[in-house]
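Novice: This is the structure I want to talk about, given as structure tokens.
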Amino acid sequence: MNQTGPKETWASRLGVILAVMGSAVGLGNFLRFPGLAAQYDGGAFMIPYFIALLLLGLPIAWVEWAMGRYGGARGYNSSPGIYRAIWKHRAAPYAGVLAMVIPVVIYMYYVYIEAWCLAYACRYLFDAWEKFGNDPAQYREYFRQFAGVYGNGQALSTEGEGLLGSGIFFLIICFVANFVLIYRGLTKGIEWFCKWAMPALIVCALIVLVRVLTLGTPDPAKPDQNVLNGLGYMWNPNTPRIGFWESLSNPQMWLEAAGQIFFSLSVGFGIIITYASYLRRNDDIALSSLTAVSGNEFCEVALGGLIAVPAAFVFLGPEVLQQLNSTFELGFVTLPNVFGQMYGGHLVGFLFFFLLFLAAITSSLSMLQPAIALLEEGLGLGRKASVALLGFITAVGSAFVVYFSENLLALDTLDFWIGTFAIYLLATFQVVLFGWILGIERGMEELRRGAEIRVPSFVKYIIKYVSPLYLLVIFGFWCYREFFDPEKAVRLRQIRENLIVQLSVGLIVIVTILFFLLIAQSVKRWRAAELRQQEKTP
């Protein structure tokens, strides 16, 4: 048992639900999800999406909440400590290295995209988009210049735009805001911010949604491009290009749907397990987890999906949606073009990118807490020292992403190996740890203690058998596509041939080694404390 015990607890049940929702509701809800739905013709994509939600998302969320509270009751708030409390094996805490590396590395590039959202919101606030009119080429060119796509170091230039065109300026604002809030602690920082940010986010989204749903048919010359058809594109289970069953037979769509569930719900990130560790022993986790998952899905499906896809459909047509090259293109190129053609688009654009900024910062805050927990309980550092050390580590990583901006290759490499590959590994480990090592009966007992809803008995079979099998099958197909398919496998070749990719992978390795060493030091400290406790026990 950890000798210090948990240093903080959540001030209210609403606070922890909103904090977990905040960690989940982010850019994935309002950019990544609509982009995938558009790419896979909307309605067809929703079927593997909801199947993944029921068989992976909600069960793994329950797993992480239960394991987190279990470890918290035994004095641990960090994933290495919680794994050690569950699995009495010397390797257990070192398995937690992924739960440290994933949120920290994701934060390094996520906070930069967060800064883009704030910059775009400010441009709408000061009407800096007016000169672009309805020319999509200008919006695309501006984003590429702003993000530094054309060359390394280019993102450091403002190209005559002043502070509004400086990604670094907005990155510094976001960085400072994140670390001020995390420094204030769990209750006064994270919980306080999420209590007002999440309602503000939903209000902004509802205003934008009302405007989108009242667009009608803006161009009478194109009567098919109307709101109803835009909603149909999003929800009807048919596809304009290929047959419905042929679409469902596409394994890549199932892979993308599962990955979106992970990214959207923040499962496999090592975040929820840390948040849940600050709960009291008999606090409800079954209903709280379900509420957080439901709130995230409302923001993703009912808000994110109904804003971006129908709006783009109405003004630009289905052809543009089907040709999107990336999530960034939908959010930072296509939608500004849409807002430029929309009556009241100036206000709508500001509200949309401001809600993106709120969604991003509630998520980025959560990414810092797992490492803070390890530094505090494992190394005995105070809050101030922990925040300073983590700030230095993440600042170096963010500077790396900003400088190596050509084709966003550094960002893409970190996102692939950490934001996709590592998340699959951690999610699989955690569901096996819960169902087979802690034991499904003990795990379900933990989940049901203090529960305000009845968790059905069949859930334990899903967690123990279905979820691991689903993960392994999906992960197997994904690995084949990314590493062995001769037409698509480029990642390993990139490591051999591209210096930026090599440096990006090297950054991941360095951060992993650093946290491995920090965990090793923490284990020594925990063992010494346990020996002292045993000596005191008669």
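Chain identifiers are assigned as A, B, and so on, following the order in which chains appear in the structure tokens; residues are numbered from 1 within each chain, and ligands are numbered from 1 in order of appearance.
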Could you go through segment 315-500 of chain A and tell me which residues DSSP, when run on the backbone, assigns to alpha helix (DSSP H), listing them as an mmCIF file with C-alpha atoms, in the first residue's frame?
Specialist:
data_model
loop_
_atom_site.group_PDB
_atom_site.id
_atom_site.type_symbol
_atom_site.label_atom_id
_atom_site.label_comp_id
_atom_site.auth_asym_id
_atom_site.auth_seq_id
_atom_site.Cartn_x
_atom_site.Cartn_y
_atom_site.Cartn_z
ATOM 1 C CA PHE A 315 -22.671 24.458 -49.627
ATOM 2 C CA LEU A 316 -20.073 22.243 -51.276
ATOM 3 C CA PRO A 318 -21.157 15.351 -51.513
ATOM 4 C CA GLU A 319 -18.254 15.249 -53.953
ATOM 5 C CA VAL A 320 -16.141 17.510 -51.738
ATOM 6 C CA LEU A 321 -16.924 15.436 -48.649
ATOM 7 C CA GLN A 322 -15.922 12.220 -50.387
ATOM 8 C CA THR A 327 -9.464 15.569 -40.680
ATOM 9 C CA PHE A 328 -7.559 18.856 -40.799
ATOM 10 C CA GLU A 329 -8.877 19.586 -44.276
ATOM 11 C CA LEU A 335 -15.600 24.558 -42.924
ATOM 12 C CA PRO A 336 -14.084 28.078 -43.114
ATOM 13 C CA ASN A 337 -15.097 28.037 -46.788
ATOM 14 C CA VAL A 338 -18.622 27.002 -45.724
ATOM 15 C CA PHE A 339 -18.854 29.733 -43.089
ATOM 16 C CA GLY A 340 -17.693 32.254 -45.689
ATOM 17 C CA GLN A 341 -20.785 31.455 -47.796
ATOM 18 C CA GLY A 345 -21.032 32.899 -40.946
ATOM 19 C CA HIS A 346 -18.780 35.377 -39.160
ATOM 20 C CA LEU A 347 -20.467 34.638 -35.806
ATOM 21 C CA VAL A 348 -21.015 30.947 -36.551
ATOM 22 C CA GLY A 349 -17.347 30.498 -37.439
ATOM 23 C CA PHE A 350 -16.227 32.163 -34.218
ATOM 24 C CA LEU A 351 -18.563 30.013 -32.101
ATOM 25 C CA PHE A 352 -17.527 26.825 -33.884
ATOM 26 C CA PHE A 353 -13.803 27.303 -33.470
ATOM 27 C CA PHE A 354 -14.225 28.597 -29.933
ATOM 28 C CA LEU A 355 -16.134 25.427 -29.028
ATOM 29 C CA LEU A 356 -13.316 23.442 -30.673
ATOM 30 C CA PHE A 357 -10.857 25.291 -28.465
ATOM 31 C CA LEU A 358 -12.913 24.547 -25.322
ATOM 32 C CA ALA A 359 -13.221 20.887 -26.330
ATOM 33 C CA ALA A 360 -9.482 20.684 -26.957
ATOM 34 C CA ILE A 361 -8.372 22.312 -23.711
ATOM 35 C CA THR A 362 -10.631 20.130 -21.537
ATOM 36 C CA SER A 363 -8.987 17.142 -23.224
ATOM 37 C CA SER A 364 -5.403 18.417 -23.046
ATOM 38 C CA LEU A 365 -5.810 19.155 -19.319
ATOM 39 C CA SER A 366 -6.639 15.516 -18.700
ATOM 40 C CA MET A 367 -3.514 14.385 -20.557
ATOM 41 C CA LEU A 368 -1.261 16.021 -17.974
ATOM 42 C CA GLN A 369 -2.772 14.499 -14.818
ATOM 43 C CA PRO A 370 -1.523 10.872 -15.206
ATOM 44 C CA ALA A 371 2.134 11.973 -15.307
ATOM 45 C CA ILE A 372 1.563 14.457 -12.473
ATOM 46 C CA ALA A 373 0.160 11.613 -10.358
ATOM 47 C CA LEU A 374 3.278 9.486 -10.953
ATOM 48 C CA LEU A 375 5.675 12.328 -10.169
ATOM 49 C CA GLU A 376 3.830 13.150 -6.948
ATOM 50 C CA GLU A 377 3.258 9.702 -5.514
ATOM 51 C CA GLY A 378 6.158 7.844 -7.097
ATOM 52 C CA LEU A 379 8.950 10.365 -6.676
ATOM 53 C CA ARG A 383 2.829 19.900 -7.234
ATOM 54 C CA LYS A 384 5.033 22.815 -8.259
ATOM 55 C CA ALA A 385 8.063 20.646 -9.073
ATOM 56 C CA SER A 386 5.931 18.062 -10.872
ATOM 57 C CA VAL A 387 4.274 20.687 -13.061
ATOM 58 C CA ALA A 388 7.637 22.326 -13.840
ATOM 59 C CA LEU A 389 9.269 19.028 -14.872
ATOM 60 C CA LEU A 390 6.306 17.968 -16.999
ATOM 61 C CA GLY A 391 6.142 21.444 -18.522
ATOM 62 C CA PHE A 392 9.764 21.192 -19.652
ATOM 63 C CA ILE A 393 9.278 17.719 -21.163
ATOM 64 C CA THR A 394 6.140 18.653 -23.101
ATOM 65 C CA ALA A 395 7.557 22.029 -24.194
ATOM 66 C CA VAL A 396 10.513 20.279 -25.834
ATOM 67 C CA GLY A 397 8.146 17.858 -27.584
ATOM 68 C CA SER A 398 5.812 20.618 -28.774
ATOM 69 C CA ALA A 399 8.752 22.646 -30.093
ATOM 70 C CA PHE A 400 9.837 19.547 -32.037
ATOM 71 C CA VAL A 401 6.376 19.238 -33.628
ATOM 72 C CA VAL A 402 6.217 22.949 -34.468
ATOM 73 C CA TYR A 403 9.645 23.055 -36.102
ATOM 74 C CA LEU A 409 5.080 14.541 -40.930
ATOM 75 C CA ALA A 410 6.323 14.738 -37.328
ATOM 76 C CA LEU A 411 2.777 15.269 -36.065
ATOM 77 C CA ASP A 412 1.469 12.423 -38.191
ATOM 78 C CA THR A 413 4.224 10.045 -37.040
ATOM 79 C CA LEU A 414 3.598 10.729 -33.356
ATOM 80 C CA ASP A 415 -0.142 10.351 -33.897
ATOM 81 C CA PHE A 416 0.280 7.032 -35.693
ATOM 82 C CA ILE A 423 -3.656 2.989 -27.665
ATOM 83 C CA TYR A 424 -4.642 -0.397 -29.100
ATOM 84 C CA LEU A 425 -1.909 -2.056 -27.034
ATOM 85 C CA LEU A 426 -2.887 -0.336 -23.793
ATOM 86 C CA ALA A 427 -6.619 -0.949 -24.240
ATOM 87 C CA THR A 428 -5.975 -4.654 -24.868
ATOM 88 C CA PHE A 429 -3.692 -4.924 -21.830
ATOM 89 C CA GLN A 430 -6.192 -3.233 -19.549
ATOM 90 C CA VAL A 431 -9.173 -5.353 -20.536
ATOM 91 C CA VAL A 432 -7.083 -8.526 -20.055
ATOM 92 C CA ILE A 440 -13.917 -10.952 -13.742
ATOM 93 C CA GLU A 441 -15.887 -11.711 -10.549
ATOM 94 C CA ARG A 442 -13.733 -9.421 -8.393
ATOM 95 C CA GLY A 443 -13.795 -6.820 -11.146
ATOM 96 C CA MET A 444 -17.582 -6.889 -11.427
ATOM 97 C CA GLU A 445 -17.871 -6.716 -7.647
ATOM 98 C CA GLU A 446 -15.767 -3.545 -7.733
ATOM 99 C CA LEU A 447 -17.889 -2.109 -10.546
ATOM 100 C CA ARG A 448 -21.154 -2.854 -8.751
ATOM 101 C CA PHE A 458 -23.787 -10.518 -19.491
ATOM 102 C CA VAL A 459 -21.385 -7.542 -19.344
ATOM 103 C CA LYS A 460 -18.796 -9.735 -17.639
ATOM 104 C CA TYR A 461 -18.768 -12.104 -20.625
ATOM 105 C CA SER A 467 -13.832 -7.287 -26.028
ATOM 106 C CA PRO A 468 -10.376 -8.936 -26.011
ATOM 107 C CA LEU A 469 -11.222 -11.025 -29.077
ATOM 108 C CA TYR A 470 -12.662 -8.011 -30.896
ATOM 109 C CA LEU A 471 -9.529 -5.999 -30.058
ATOM 110 C CA LEU A 472 -7.151 -8.728 -31.195
ATOM 111 C CA VAL A 473 -8.986 -9.259 -34.489
ATOM 112 C CA ILE A 474 -9.210 -5.539 -35.230
ATOM 113 C CA PHE A 475 -5.608 -5.012 -34.195
ATOM 114 C CA GLY A 476 -4.481 -7.922 -36.376
ATOM 115 C CA PHE A 477 -6.208 -6.520 -39.477
ATOM 116 C CA TRP A 478 -4.858 -3.058 -38.708
ATOM 117 C CA CYS A 479 -1.269 -4.314 -38.343
ATOM 118 C CA ARG A 491 5.334 3.207 -42.065
ATOM 119 C CA LEU A 492 8.334 0.921 -41.696
ATOM 120 C CA ARG A 493 9.792 2.165 -44.959
ATOM 121 C CA GLN A 494 9.435 5.741 -43.695
ATOM 122 C CA ILE A 495 11.481 4.878 -40.618
ATOM 123 C CA ARG A 496 14.253 3.519 -42.832
ATOM 124 C CA GLU A 497 14.240 6.381 -45.327
ATOM 125 C CA LEU A 499 15.011 11.604 -41.217
ATOM 126 C CA ILE A 500 12.013 13.421 -39.699
#
Novice: Write out as a ChimeraX atom specification which residues come within 12 Å of Arg90 of chain A when counting only C-alpha atoms, dropping same-chain ones fewer than 5 positions away.
Specialist: /A:80-81,83-85,95-96,519-520,523-524,527
Novice: Just want the 12 Å neighbourhood of Ile173 of chain A, counted on only C-alpha atoms, with same-chain residues fewer than 2 positions away dropped. Output as JSON, numbers by chain.
Specialist: {"A": [111, 112, 114, 115, 116, 117, 118, 119, 163, 166, 167, 168, 169, 170, 171, 175, 176, 177, 178, 179, 180, 357, 361]}
Novice: How far is it from atom CA of Glu452 of chain A to atom CA of Thr291 of chain A, in Å with one decimal?
Specialist: 11.5 Å
Novice: For atom CA of Ala66 of chain A and atom CA of Phe263 of chain A, determine how far apart the two atoms are, in Å to one decimal place.
Specialist: 19.7 Å
Novice: Using only C-alpha atoms, which residue out of A:Trp196, A:Phe515, A:Phe33, A:Phe332 lies closest to Tyr139 of chain A?
Specialist: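 For Tyr139 of chain A, the nearest of the candidates is A:Phe332.
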Novice: Could you name the residues that touch Glu8 of chain A at 12 Å or less, counting only C-alpha atoms, but leaving out those on the same chain fewer than 4 positions away, as a list of chain:residue names?
Specialist: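 Here the qualifying residues turn out to be A:Thr4, A:Gly72, A:Gly75, A:Tyr76, A:Asn77, A:Arg184, A:Gly185, A:Leu186, A:Thr187, A:Lys188, A:Gly189, A:Glu191, A:Thr274, A:Tyr275, A:Ala276, A:Ser277, A:Tyr278, A:Leu279, A:Arg280, A:Ala373, A:Glu376, A:Glu377, A:Arg383.
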Novice: Next, dump the selected residues to file, keeping only C-alpha atoms, as an mmCIF file, in the first residue's frame.
Specialist:
data_model
loop_
_atom_site.group_PDB
_atom_site.id
_atom_site.type_symbol
_atom_site.label_atom_id
_atom_site.label_comp_id
_atom_site.auth_asym_id
_atom_site.auth_seq_id
_atom_site.Cartn_x
_atom_site.Cartn_y
_atom_site.Cartn_z
ATOM 1 C CA THR A 4 0.777 8.643 1.481
ATOM 2 C CA GLY A 72 -7.218 4.608 -5.460
ATOM 3 C CA GLY A 75 -3.443 4.592 -2.133
ATOM 4 C CA TYR A 76 -2.395 4.784 -5.789
ATOM 5 C CA ASN A 77 -3.339 7.403 -8.367
ATOM 6 C CA ARG A 184 -4.197 24.627 -9.333
ATOM 7 C CA GLY A 185 -4.887 20.953 -8.779
ATOM 8 C CA LEU A 186 -7.669 18.474 -9.324
ATOM 9 C CA THR A 187 -10.534 20.361 -7.686
ATOM 10 C CA LYS A 188 -9.561 24.018 -8.123
ATOM 11 C CA GLY A 189 -8.083 23.528 -11.569
ATOM 12 C CA GLU A 191 -12.843 20.261 -12.005
ATOM 13 C CA THR A 274 -6.181 8.067 -13.021
ATOM 14 C CA TYR A 275 -9.293 10.230 -12.734
ATOM 15 C CA ALA A 276 -11.258 7.358 -11.167
ATOM 16 C CA SER A 277 -8.529 6.760 -8.588
ATOM 17 C CA TYR A 278 -9.493 10.013 -6.859
ATOM 18 C CA LEU A 279 -13.001 8.702 -6.127
ATOM 19 C CA ARG A 280 -13.998 7.515 -2.687
ATOM 20 C CA ALA A 373 0.160 11.613 -10.358
ATOM 21 C CA GLU A 376 3.830 13.150 -6.948
ATOM 22 C CA GLU A 377 3.258 9.702 -5.514
ATOM 23 C CA ARG A 383 2.829 19.900 -7.234
#
Novice: Taking only C-alpha atoms into account, name the residue in A:Ser405, A:Thr9, A:Ala286, A:Glu297 that is nearest to Leu156 of chain A.
Specialist: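 Of A:Ser405, A:Thr9, A:Ala286, A:Glu297, the one nearest Leu156 of chain A, counting only C-alpha atoms, is A:Ser405.
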Novice: One number please: atom CA of Leu215 of chain A to atom CA of Tyr120 of chain A, in Å, one decimal.
Specialist: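 Result for atom CA of Leu215 of chain A versus atom CA of Tyr120 of chain A: 22.6 Å, one decimal.
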Novice: Considering only C-alpha atoms, can you say which of A:Ile47, A:Ile462, A:Val212, A:Ala24 comes closest to Ser249 of chain A?
Specialist: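 Nearest candidate to Ser249 of chain A out of A:Ile47, A:Ile462, A:Val212, A:Ala24: A:Ile47.
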Novice: Taking only C-alpha atoms into account, name the residue in A:Lys488, A:Lys464, A:Arg211, A:Lys222 that is nearest to Ile437 of chain A.
Specialist: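 The closest residue to Ile437 of chain A is A:Lys464.
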Novice: Smallest atom-to-atom distance to Ile202 of chain A: which of A:Gly295, A:Gly28, A:Gly35, A:Gly317, using only C-alpha atoms?
Specialist: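 Once distances to Ile202 of chain A are computed over only C-alpha atoms, the minimum belongs to A:Gly295.
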Novice: Do you know which residues are at most 12 Å from Gly305 of chain A counting only C-alpha atoms, after dropping those on the same chain fewer than 6 positions away, and could you put them as a ChimeraX atom specification?
Specialist: /A:28-38,42-43,45-46,205,209,212,230-235,297-299,311-313
Novice: For Leu248 of chain A, list every protein, DNA or RNA residue within 10 Å, evaluated using only C-alpha atoms, and leave out those in the same chain fewer than 2 positions away; present the list as a list in words.
Specialist: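 That gives Tyr40, Ala44, Phe45, Ile47, Pro48, Gly243, Phe244, Trp245, Glu246, Asn250, Pro251, Gln252, Met253 and Trp254 of chain A.
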Novice: Give me, as a VMD selection string, all polymer residues having an atom no more than 8 Å from Ala61 of chain A, counting only C-alpha atoms and skipping those fewer than 2 positions away in the same chain.
Specialist: chain A and resid 57 to 59 63 to 65 265 267 272 289 293
Novice: Give me a file of those residues, with N, CA and C atoms, as a PDB file, in the first residue's frame.
Specialist:
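Saved to part_6.pdb:
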ATOM      1  N   GLY A  57     -16.128   0.342 -26.386  1.00  0.00           N
ATOM      2  CA  GLY A  57     -16.086   1.632 -25.713  1.00  0.00           C
ATOM      3  C   GLY A  57     -16.630   1.613 -24.297  1.00  0.00           C
ATOM      4  N   LEU A  58     -17.912   1.263 -24.140  1.00  0.00           N
ATOM      5  CA  LEU A  58     -18.522   1.264 -22.814  1.00  0.00           C
ATOM      6  C   LEU A  58     -17.918   0.204 -21.901  1.00  0.00           C
ATOM      7  N   PRO A  59     -17.706  -1.038 -22.353  1.00  0.00           N
ATOM      8  CA  PRO A  59     -17.072  -2.017 -21.453  1.00  0.00           C
ATOM      9  C   PRO A  59     -15.688  -1.589 -20.969  1.00  0.00           C
ATOM     10  N   VAL A  63     -14.251  -0.791 -17.248  1.00  0.00           N
ATOM     11  CA  VAL A  63     -13.013  -1.426 -16.766  1.00  0.00           C
ATOM     12  C   VAL A  63     -12.085  -0.381 -16.161  1.00  0.00           C
ATOM     13  N   GLU A  64     -11.872   0.725 -16.873  1.00  0.00           N
ATOM     14  CA  GLU A  64     -10.934   1.735 -16.393  1.00  0.00           C
ATOM     15  C   GLU A  64     -11.450   2.435 -15.136  1.00  0.00           C
ATOM     16  N   TRP A  65     -12.743   2.717 -15.073  1.00  0.00           N
ATOM     17  CA  TRP A  65     -13.304   3.328 -13.875  1.00  0.00           C
ATOM     18  C   TRP A  65     -13.142   2.391 -12.677  1.00  0.00           C
ATOM     19  N   LEU A 265     -13.641   8.362 -26.650  1.00  0.00           N
ATOM     20  CA  LEU A 265     -13.962   8.134 -25.238  1.00  0.00           C
ATOM     21  C   LEU A 265     -12.749   8.240 -24.327  1.00  0.00           C
ATOM     22  N   VAL A 267     -10.543   6.053 -23.930  1.00  0.00           N
ATOM     23  CA  VAL A 267     -10.189   4.750 -23.359  1.00  0.00           C
ATOM     24  C   VAL A 267      -8.878   4.307 -24.001  1.00  0.00           C
ATOM     25  N   ILE A 272      -8.630   7.959 -17.776  1.00  0.00           N
ATOM     26  CA  ILE A 272      -9.797   7.669 -16.945  1.00  0.00           C
ATOM     27  C   ILE A 272      -9.389   6.899 -15.697  1.00  0.00           C
ATOM     28  N   SER A 289     -19.935   6.464 -15.114  1.00  0.00           N
ATOM     29  CA  SER A 289     -19.242   6.122 -16.357  1.00  0.00           C
ATOM     30  C   SER A 289     -20.198   6.143 -17.535  1.00  0.00           C
ATOM     31  N   VAL A 293     -19.982   8.572 -20.812  1.00  0.00           N
ATOM     32  CA  VAL A 293     -19.962   8.023 -22.171  1.00  0.00           C
ATOM     33  C   VAL A 293     -21.130   8.582 -22.984  1.00  0.00           C
TER      34      VAL A 293
END
